[in-house]
Amino acid sequence: CLLSRGLGDVYKRQLIMIVMHNASQTLLLIAGTSEARALSEAIARDMPKARLIVSLLGATEKPAAYAGSVRTGGFGGVAGLADFLRAENVSHLVDAAHPFATGMHRNAAAAAASAGVPYLAVVRPEWPARPNWHEVDCLRAASTALPHGARPFLALGQRHLSPFRHRADLRPVLRMAQAPQTPLPFPAEIVIGPPLRTTSEEQVLFRQYGVTHLVCRNSGGQAGIAKLDAAETLGLPVLMIRRPAMALSAQANSLQAALDWLLFGEDSNDGGVGR
């Protein structure tokens, strides 16, 4: 054995301390992303004694399954979330909300600070810029930048369509996770379902609907890459909304860094958590 007996005993004691510590933890995971689902499964696997509460906003009618107990709905702002953290004796708050959910990130960080609960944001890296991109700061700027009569593919979700309502000359195509629950602000073709898995599938879709431009937010992640590859291959301009700047107290760019933070504490992290 490469470990000396003494070092092995120390290592065993550390493992015992970690297990005992994790058994007393109550974790709140603010979810709604694929990273949050994967992290909930990793916590259930590697921290089986910990109590995991998963918080969903409730925007999706049939959300994907999560490990842990799931609560749906808001908290009532910073004060309501801070009260929840205290009432449930939450030991760690992991914020894996959507990268553009700036209000949720801000409230979660403020509530954690108010309640004295360690906070970590899990923020997926941005997509690097491509030659066919035109980066803009907001949805209205993207709407203004589209040429007259364009046929844009709006990969945005229903809550982010209103800035395009004044462009009656556009012929938009929308991709939505589920059928709209309320009337759209303008006429549009609707594609129901998640992003397609392959570049070729997205190319077929863009050709089928005669798409001239792609409009999306720089959310990062693997799920949206196929549409970016398809647009680049077809030579379609992409209007990319920049990610808003956020000053977060601590953030991780990978699931492993977040899991290490939970398992070993912020002082034992190998550099995967930034401040």
# chains A, B, ... in the order shown; residues from 1 in each chain; ligands from 1
>>> select_by_dssp(residues="stretch 109-220 of chain A", states="strand (DSSP E or B)", output="number ranges by chain")
A: 119-122, 133-136, 152-155, 173-176, 189-192, 213-217
>>> closest_atom_pairs(of="stretch 29-144 of chain A", to="stretch 249-253 of chain A", cutoff="12 Å", atoms="only C-alpha atoms", output="JSON lines")
{"residue": "A:Glu35", "atom": "CA", "partner": "A:Asn253", "partner_atom": "CA", "distance": 10.2}
{"residue": "A:Leu93", "atom": "CA", "partner": "A:Ala250", "partner_atom": "CA", "distance": 11.2}
{"residue": "A:Val94", "atom": "CA", "partner": "A:Gln251", "partner_atom": "CA", "distance": 9.4}
{"residue": "A:Asp95", "atom": "CA", "partner": "A:Gln251", "partner_atom": "CA", "distance": 8.9}
{"residue": "A:Ala96", "atom": "CA", "partner": "A:Ala252", "partner_atom": "CA", "distance": 9.7}
{"residue": "A:Pro99", "atom": "CA", "partner": "A:Asn253", "partner_atom": "CA", "distance": 11.4}
{"residue": "A:His105", "atom": "CA", "partner": "A:Ser249", "partner_atom": "CA", "distance": 10.5}
{"residue": "A:Arg106", "atom": "CA", "partner": "A:Ser249", "partner_atom": "CA", "distance": 10.1}
{"residue": "A:Ala108", "atom": "CA", "partner": "A:Ser249", "partner_atom": "CA", "distance": 10.9}
{"residue": "A:Ala109", "atom": "CA", "partner": "A:Ser249", "partner_atom": "CA", "distance": 7.4}
{"residue": "A:Ala110", "atom": "CA", "partner": "A:Ser249", "partner_atom": "CA", "distance": 9.7}
{"residue": "A:Ala112", "atom": "CA", "partner": "A:Ser249", "partner_atom": "CA", "distance": 10.4}
{"residue": "A:Ala113", "atom": "CA", "partner": "A:Ser249", "partner_atom": "CA", "distance": 9.5}
{"residue": "A:Pro118", "atom": "CA", "partner": "A:Ala250", "partner_atom": "CA", "distance": 9.2}
{"residue": "A:Tyr119", "atom": "CA", "partner": "A:Ala250", "partner_atom": "CA", "distance": 6.8}
{"residue": "A:Leu120", "atom": "CA", "partner": "A:Ala250", "partner_atom": "CA", "distance": 5.2}
{"residue": "A:Ala121", "atom": "CA", "partner": "A:Gln251", "partner_atom": "CA", "distance": 4.4}
{"residue": "A:Val122", "atom": "CA", "partner": "A:Ala252", "partner_atom": "CA", "distance": 4.9}
{"residue": "A:Val123", "atom": "CA", "partner": "A:Asn253", "partner_atom": "CA", "distance": 5.3}
{"residue": "A:Arg124", "atom": "CA", "partner": "A:Asn253", "partner_atom": "CA", "distance": 5.4}
{"residue": "A:Pro125", "atom": "CA", "partner": "A:Asn253", "partner_atom": "CA", "distance": 6.3}
{"residue": "A:Glu126", "atom": "CA", "partner": "A:Asn253", "partner_atom": "CA", "distance": 10.0}
>>> write_last_selection(atoms="N, CA and C atoms", output="PDB file, in the first residue's frame")
ATOM      1  N   GLU A  35     -28.185  21.330 -14.970  1.00  0.00           N
ATOM      2  CA  GLU A  35     -27.134  21.202 -13.964  1.00  0.00           C
ATOM      3  C   GLU A  35     -27.735  20.924 -12.582  1.00  0.00           C
ATOM      4  N   LEU A  93     -26.954  26.687   0.890  1.00  0.00           N
ATOM      5  CA  LEU A  93     -27.843  27.048  -0.215  1.00  0.00           C
ATOM      6  C   LEU A  93     -27.040  26.978  -1.507  1.00  0.00           C
ATOM      7  N   VAL A  94     -27.476  26.121  -2.422  1.00  0.00           N
ATOM      8  CA  VAL A  94     -26.846  25.998  -3.736  1.00  0.00           C
ATOM      9  C   VAL A  94     -27.809  26.559  -4.771  1.00  0.00           C
ATOM     10  N   ASP A  95     -27.367  27.585  -5.466  1.00  0.00           N
ATOM     11  CA  ASP A  95     -28.202  28.322  -6.404  1.00  0.00           C
ATOM     12  C   ASP A  95     -27.847  27.908  -7.834  1.00  0.00           C
ATOM     13  N   ALA A  96     -28.647  26.984  -8.397  1.00  0.00           N
ATOM     14  CA  ALA A  96     -28.414  26.516  -9.768  1.00  0.00           C
ATOM     15  C   ALA A  96     -29.543  26.960 -10.679  1.00  0.00           C
ATOM     16  N   PRO A  99     -28.933  30.976 -15.778  1.00  0.00           N
ATOM     17  CA  PRO A  99     -27.953  32.073 -15.745  1.00  0.00           C
ATOM     18  C   PRO A  99     -28.568  33.459 -15.926  1.00  0.00           C
ATOM     19  N   HIS A 105     -30.988  34.953  -8.458  1.00  0.00           N
ATOM     20  CA  HIS A 105     -29.622  34.885  -7.950  1.00  0.00           C
ATOM     21  C   HIS A 105     -29.384  35.961  -6.876  1.00  0.00           C
ATOM     22  N   ARG A 106     -29.827  37.171  -7.163  1.00  0.00           N
ATOM     23  CA  ARG A 106     -29.618  38.285  -6.229  1.00  0.00           C
ATOM     24  C   ARG A 106     -30.350  38.029  -4.916  1.00  0.00           C
ATOM     25  N   ALA A 108     -31.375  35.127  -3.686  1.00  0.00           N
ATOM     26  CA  ALA A 108     -30.829  33.965  -2.982  1.00  0.00           C
ATOM     27  C   ALA A 108     -29.563  34.338  -2.221  1.00  0.00           C
ATOM     28  N   ALA A 109     -28.679  35.096  -2.869  1.00  0.00           N
ATOM     29  CA  ALA A 109     -27.436  35.501  -2.206  1.00  0.00           C
ATOM     30  C   ALA A 109     -27.722  36.393  -1.006  1.00  0.00           C
ATOM     31  N   ALA A 110     -28.667  37.330  -1.175  1.00  0.00           N
ATOM     32  CA  ALA A 110     -28.993  38.242  -0.076  1.00  0.00           C
ATOM     33  C   ALA A 110     -29.649  37.495   1.084  1.00  0.00           C
ATOM     34  N   ALA A 112     -29.312  34.285   1.876  1.00  0.00           N
ATOM     35  CA  ALA A 112     -28.308  33.452   2.528  1.00  0.00           C
ATOM     36  C   ALA A 112     -27.441  34.288   3.468  1.00  0.00           C
ATOM     37  N   ALA A 113     -27.052  35.474   3.009  1.00  0.00           N
ATOM     38  CA  ALA A 113     -26.245  36.348   3.859  1.00  0.00           C
ATOM     39  C   ALA A 113     -27.023  36.771   5.105  1.00  0.00           C
ATOM     40  N   PRO A 118     -24.108  29.479   4.251  1.00  0.00           N
ATOM     41  CA  PRO A 118     -23.162  29.471   3.130  1.00  0.00           C
ATOM     42  C   PRO A 118     -23.886  29.362   1.795  1.00  0.00           C
ATOM     43  N   TYR A 119     -23.439  30.168   0.831  1.00  0.00           N
ATOM     44  CA  TYR A 119     -24.110  30.278  -0.471  1.00  0.00           C
ATOM     45  C   TYR A 119     -23.140  29.964  -1.591  1.00  0.00           C
ATOM     46  N   LEU A 120     -23.622  29.218  -2.582  1.00  0.00           N
ATOM     47  CA  LEU A 120     -22.821  28.939  -3.777  1.00  0.00           C
ATOM     48  C   LEU A 120     -23.728  28.984  -4.985  1.00  0.00           C
ATOM     49  N   ALA A 121     -23.327  29.741  -6.011  1.00  0.00           N
ATOM     50  CA  ALA A 121     -24.028  29.760  -7.292  1.00  0.00           C
ATOM     51  C   ALA A 121     -23.321  28.816  -8.253  1.00  0.00           C
ATOM     52  N   VAL A 122     -24.095  27.966  -8.915  1.00  0.00           N
ATOM     53  CA  VAL A 122     -23.558  27.083  -9.954  1.00  0.00           C
ATOM     54  C   VAL A 122     -23.891  27.725 -11.297  1.00  0.00           C
ATOM     55  N   VAL A 123     -22.885  28.278 -11.957  1.00  0.00           N
ATOM     56  CA  VAL A 123     -23.088  29.049 -13.183  1.00  0.00           C
ATOM     57  C   VAL A 123     -22.357  28.376 -14.322  1.00  0.00           C
ATOM     58  N   ARG A 124     -23.107  27.870 -15.294  1.00  0.00           N
ATOM     59  CA  ARG A 124     -22.472  27.208 -16.430  1.00  0.00           C
ATOM     60  C   ARG A 124     -21.704  28.221 -17.277  1.00  0.00           C
ATOM     61  N   PRO A 125     -20.565  27.842 -17.842  1.00  0.00           N
ATOM     62  CA  PRO A 125     -19.778  28.773 -18.672  1.00  0.00           C
ATOM     63  C   PRO A 125     -20.567  29.250 -19.882  1.00  0.00           C
ATOM     64  N   GLU A 126     -20.270  30.460 -20.325  1.00  0.00           N
ATOM     65  CA  GLU A 126     -20.904  31.005 -21.525  1.00  0.00           C
ATOM     66  C   GLU A 126     -20.388  30.294 -22.778  1.00  0.00           C
TER      67      GLU A 126
END
>>> select_by_dssp(residues="stretch 78-275 of chain A", states="alpha helix (DSSP H)", output="number ranges by chain")
A: 78-87, 102-115, 139-145, 199-208, 225-234, 255-264
>>> residues_around(residues="A:Ser162", least_positions_apart="6", cutoff="9 Å", atoms="only C-alpha atoms", output="MDAnalysis selection string")
chainID A and resid 139:140 184:186
>>> residues_around(residues="A:Pro180", least_positions_apart="6", cutoff="10 Å", atoms="only C-alpha atoms", output="mmCIF file with C-alpha atoms, in the first residue's frame")
data_model
loop_
_atom_site.group_PDB
_atom_site.id
_atom_site.type_symbol
_atom_site.label_atom_id
_atom_site.label_comp_id
_atom_site.auth_asym_id
_atom_site.auth_seq_id
_atom_site.Cartn_x
_atom_site.Cartn_y
_atom_site.Cartn_z
ATOM 1 C CA GLY A 157 -39.492 31.143 -24.173
ATOM 2 C CA GLN A 158 -42.878 32.842 -23.905
ATOM 3 C CA ARG A 159 -41.972 35.184 -21.055
ATOM 4 C CA ILE A 190 -44.732 27.406 -32.868
ATOM 5 C CA ILE A 192 -43.214 22.478 -29.278
#
>>> residues_around(residues="stretch 216-225 of chain A", least_positions_apart="6", cutoff="9 Å", atoms="only C-alpha atoms", output="number ranges by chain")
A: 34-35, 98-100, 124-128, 138-139, 153-156, 194-199, 238-243
>>> residues_around(residues="A:Leu170", least_positions_apart="5", cutoff="10 Å", atoms="only C-alpha atoms", output="JSON, numbers by chain")
{"A": [143, 146, 147, 148, 149, 150, 151, 152, 164, 165, 186, 187, 188]}
>>> write_last_selection(atoms="N, CA, C and O atoms", output="PDB file, in the first residue's frame")
ATOM      1  N   SER A 143     -34.463  42.732 -31.114  1.00  0.00           N
ATOM      2  CA  SER A 143     -35.629  42.998 -31.951  1.00  0.00           C
ATOM      3  C   SER A 143     -35.344  44.127 -32.945  1.00  0.00           C
ATOM      4  O   SER A 143     -35.682  44.027 -34.128  1.00  0.00           O
ATOM      5  N   LEU A 146     -33.033  43.148 -36.072  1.00  0.00           N
ATOM      6  CA  LEU A 146     -33.517  42.271 -37.141  1.00  0.00           C
ATOM      7  C   LEU A 146     -33.952  43.095 -38.348  1.00  0.00           C
ATOM      8  O   LEU A 146     -34.663  44.096 -38.200  1.00  0.00           O
ATOM      9  N   PRO A 147     -33.560  42.693 -39.551  1.00  0.00           N
ATOM     10  CA  PRO A 147     -33.949  43.450 -40.748  1.00  0.00           C
ATOM     11  C   PRO A 147     -35.437  43.278 -41.063  1.00  0.00           C
ATOM     12  O   PRO A 147     -36.088  42.342 -40.585  1.00  0.00           O
ATOM     13  N   HIS A 148     -35.965  44.183 -41.861  1.00  0.00           N
ATOM     14  CA  HIS A 148     -37.382  44.156 -42.238  1.00  0.00           C
ATOM     15  C   HIS A 148     -37.730  42.840 -42.931  1.00  0.00           C
ATOM     16  O   HIS A 148     -37.007  42.375 -43.816  1.00  0.00           O
ATOM     17  N   GLY A 149     -38.835  42.232 -42.504  1.00  0.00           N
ATOM     18  CA  GLY A 149     -39.319  41.017 -43.140  1.00  0.00           C
ATOM     19  C   GLY A 149     -38.573  39.755 -42.762  1.00  0.00           C
ATOM     20  O   GLY A 149     -38.778  38.710 -43.410  1.00  0.00           O
ATOM     21  N   ALA A 150     -37.744  39.804 -41.728  1.00  0.00           N
ATOM     22  CA  ALA A 150     -36.956  38.625 -41.351  1.00  0.00           C
ATOM     23  C   ALA A 150     -37.860  37.511 -40.824  1.00  0.00           C
ATOM     24  O   ALA A 150     -38.995  37.743 -40.386  1.00  0.00           O
ATOM     25  N   ARG A 151     -37.334  36.302 -40.890  1.00  0.00           N
ATOM     26  CA  ARG A 151     -38.023  35.112 -40.365  1.00  0.00           C
ATOM     27  C   ARG A 151     -37.159  34.566 -39.227  1.00  0.00           C
ATOM     28  O   ARG A 151     -36.450  33.569 -39.363  1.00  0.00           O
ATOM     29  N   PRO A 152     -37.189  35.216 -38.047  1.00  0.00           N
ATOM     30  CA  PRO A 152     -36.275  34.810 -36.969  1.00  0.00           C
ATOM     31  C   PRO A 152     -36.779  33.584 -36.222  1.00  0.00           C
ATOM     32  O   PRO A 152     -37.986  33.400 -36.033  1.00  0.00           O
ATOM     33  N   PHE A 164     -40.614  41.946 -28.952  1.00  0.00           N
ATOM     34  CA  PHE A 164     -40.733  41.769 -30.396  1.00  0.00           C
ATOM     35  C   PHE A 164     -42.136  42.103 -30.911  1.00  0.00           C
ATOM     36  O   PHE A 164     -42.393  42.022 -32.110  1.00  0.00           O
ATOM     37  N   ARG A 165     -43.044  42.499 -30.035  1.00  0.00           N
ATOM     38  CA  ARG A 165     -44.436  42.670 -30.442  1.00  0.00           C
ATOM     39  C   ARG A 165     -44.639  43.856 -31.376  1.00  0.00           C
ATOM     40  O   ARG A 165     -45.611  43.889 -32.141  1.00  0.00           O
ATOM     41  N   PHE A 186     -47.925  38.233 -30.561  1.00  0.00           N
ATOM     42  CA  PHE A 186     -47.918  38.419 -32.019  1.00  0.00           C
ATOM     43  C   PHE A 186     -48.126  37.054 -32.687  1.00  0.00           C
ATOM     44  O   PHE A 186     -47.882  36.010 -32.065  1.00  0.00           O
ATOM     45  N   PRO A 187     -48.574  37.029 -33.937  1.00  0.00           N
ATOM     46  CA  PRO A 187     -48.714  35.757 -34.654  1.00  0.00           C
ATOM     47  C   PRO A 187     -47.341  35.118 -34.893  1.00  0.00           C
ATOM     48  O   PRO A 187     -46.360  35.822 -35.166  1.00  0.00           O
ATOM     49  N   ALA A 188     -47.274  33.794 -34.774  1.00  0.00           N
ATOM     50  CA  ALA A 188     -46.000  33.101 -34.969  1.00  0.00           C
ATOM     51  C   ALA A 188     -46.243  31.621 -35.205  1.00  0.00           C
ATOM     52  O   ALA A 188     -47.265  31.069 -34.789  1.00  0.00           O
TER      53      ALA A 188
END
>>> residues_around(residues="A:Phe84", least_positions_apart="2", cutoff="12 Å", atoms="only C-alpha atoms", output="PyMOL selection string")
chain A and resi 26-28+53+55+71+74-82+86-91+93+108+111-112+114-115+117
>>> atom_distance(atom1="atom CA of A:Ala64", atom2="atom CA of A:Gly193")
13.4 Å
>>> closest_atom_pairs(of="stretch 224-260 of chain A", to="stretch 42-46 of chain A", cutoff="12 Å", atoms="only C-alpha atoms", output="tab-separated table")
residue	atom	partner	partner_atom	distance
A:Leu255	CA	A:Ala42	CA	8.6
A:Gln256	CA	A:Ala42	CA	9.0
A:Ala257	CA	A:Ala42	CA	11.8
A:Ala258	CA	A:Ile43	CA	10.0
A:Leu259	CA	A:Ile43	CA	7.2
A:Asp260	CA	A:Asp46	CA	10.3
>>> closest_residue(among="A:Ala129, A:Glu232, A:Pro237, A:Pro172", to="A:Ala145", atoms="only C-alpha atoms")
A:Pro237
>>> closest_residue(among="A:Leu56, A:Glu201, A:Leu214, A:Pro163", to="A:Glu135", atoms="only C-alpha atoms")
A:Leu214
>>> decode(residues="stretch 110-121 of chain A", atoms="all heavy atoms", output="short mmCIF file (atom, residue, chain, number, x, y, z; two decimals), in the first residue's frame")
data_model
loop_
_atom_site.label_atom_id
_atom_site.label_comp_id
_atom_site.auth_asym_id
_atom_site.auth_seq_id
_atom_site.Cartn_x
_atom_site.Cartn_y
_atom_site.Cartn_z
N ALA A 110 -28.67 37.33 -1.18
CA ALA A 110 -28.99 38.24 -0.08
C ALA A 110 -29.65 37.49 1.08
O ALA A 110 -29.35 37.76 2.25
CB ALA A 110 -29.91 39.36 -0.58
N ALA A 111 -30.55 36.55 0.79
CA ALA A 111 -31.22 35.79 1.84
C ALA A 111 -30.23 34.92 2.60
O ALA A 111 -30.31 34.80 3.83
CB ALA A 111 -32.33 34.93 1.24
N ALA A 112 -29.31 34.29 1.88
CA ALA A 112 -28.31 33.45 2.53
C ALA A 112 -27.44 34.29 3.47
O ALA A 112 -27.14 33.87 4.60
CB ALA A 112 -27.44 32.75 1.48
N ALA A 113 -27.05 35.47 3.01
CA ALA A 113 -26.24 36.35 3.86
C ALA A 113 -27.02 36.77 5.10
O ALA A 113 -26.48 36.80 6.21
CB ALA A 113 -25.80 37.58 3.06
N SER A 114 -28.31 37.07 4.92
CA SER A 114 -29.14 37.49 6.04
C SER A 114 -29.31 36.37 7.08
O SER A 114 -29.29 36.63 8.29
CB SER A 114 -30.52 37.93 5.54
OG SER A 114 -31.40 38.23 6.59
N ALA A 115 -29.44 35.13 6.58
CA ALA A 115 -29.65 34.00 7.48
C ALA A 115 -28.36 33.36 7.96
O ALA A 115 -28.39 32.43 8.77
CB ALA A 115 -30.52 32.94 6.79
N GLY A 116 -27.22 33.84 7.45
CA GLY A 116 -25.94 33.26 7.84
C GLY A 116 -25.71 31.88 7.29
O GLY A 116 -25.06 31.04 7.92
N VAL A 117 -26.22 31.62 6.09
CA VAL A 117 -26.10 30.31 5.45
C VAL A 117 -25.08 30.39 4.31
O VAL A 117 -25.16 31.29 3.47
CB VAL A 117 -27.47 29.85 4.89
CG1 VAL A 117 -27.33 28.57 4.08
CG2 VAL A 117 -28.46 29.65 6.03
N PRO A 118 -24.11 29.48 4.25
CA PRO A 118 -23.16 29.47 3.13
C PRO A 118 -23.89 29.36 1.79
O PRO A 118 -24.82 28.56 1.65
CB PRO A 118 -22.30 28.24 3.40
CG PRO A 118 -22.40 28.03 4.88
CD PRO A 118 -23.79 28.44 5.26
N TYR A 119 -23.44 30.17 0.83
CA TYR A 119 -24.11 30.28 -0.47
C TYR A 119 -23.14 29.96 -1.59
O TYR A 119 -21.98 30.39 -1.57
CB TYR A 119 -24.66 31.69 -0.64
CG TYR A 119 -25.11 32.04 -2.05
CD1 TYR A 119 -26.41 31.77 -2.47
CD2 TYR A 119 -24.24 32.64 -2.96
CE1 TYR A 119 -26.83 32.09 -3.75
CE2 TYR A 119 -24.65 32.95 -4.25
CZ TYR A 119 -25.95 32.68 -4.64
OH TYR A 119 -26.35 32.99 -5.91
N LEU A 120 -23.62 29.22 -2.58
CA LEU A 120 -22.82 28.94 -3.78
C LEU A 120 -23.73 28.98 -4.98
O LEU A 120 -24.78 28.34 -5.02
CB LEU A 120 -22.15 27.56 -3.69
CG LEU A 120 -21.30 27.17 -4.91
CD1 LEU A 120 -20.02 28.01 -4.95
CD2 LEU A 120 -20.96 25.69 -4.89
N ALA A 121 -23.33 29.74 -6.01
CA ALA A 121 -24.03 29.76 -7.29
C ALA A 121 -23.32 28.82 -8.25
O ALA A 121 -22.10 28.84 -8.37
CB ALA A 121 -24.05 31.17 -7.87
#
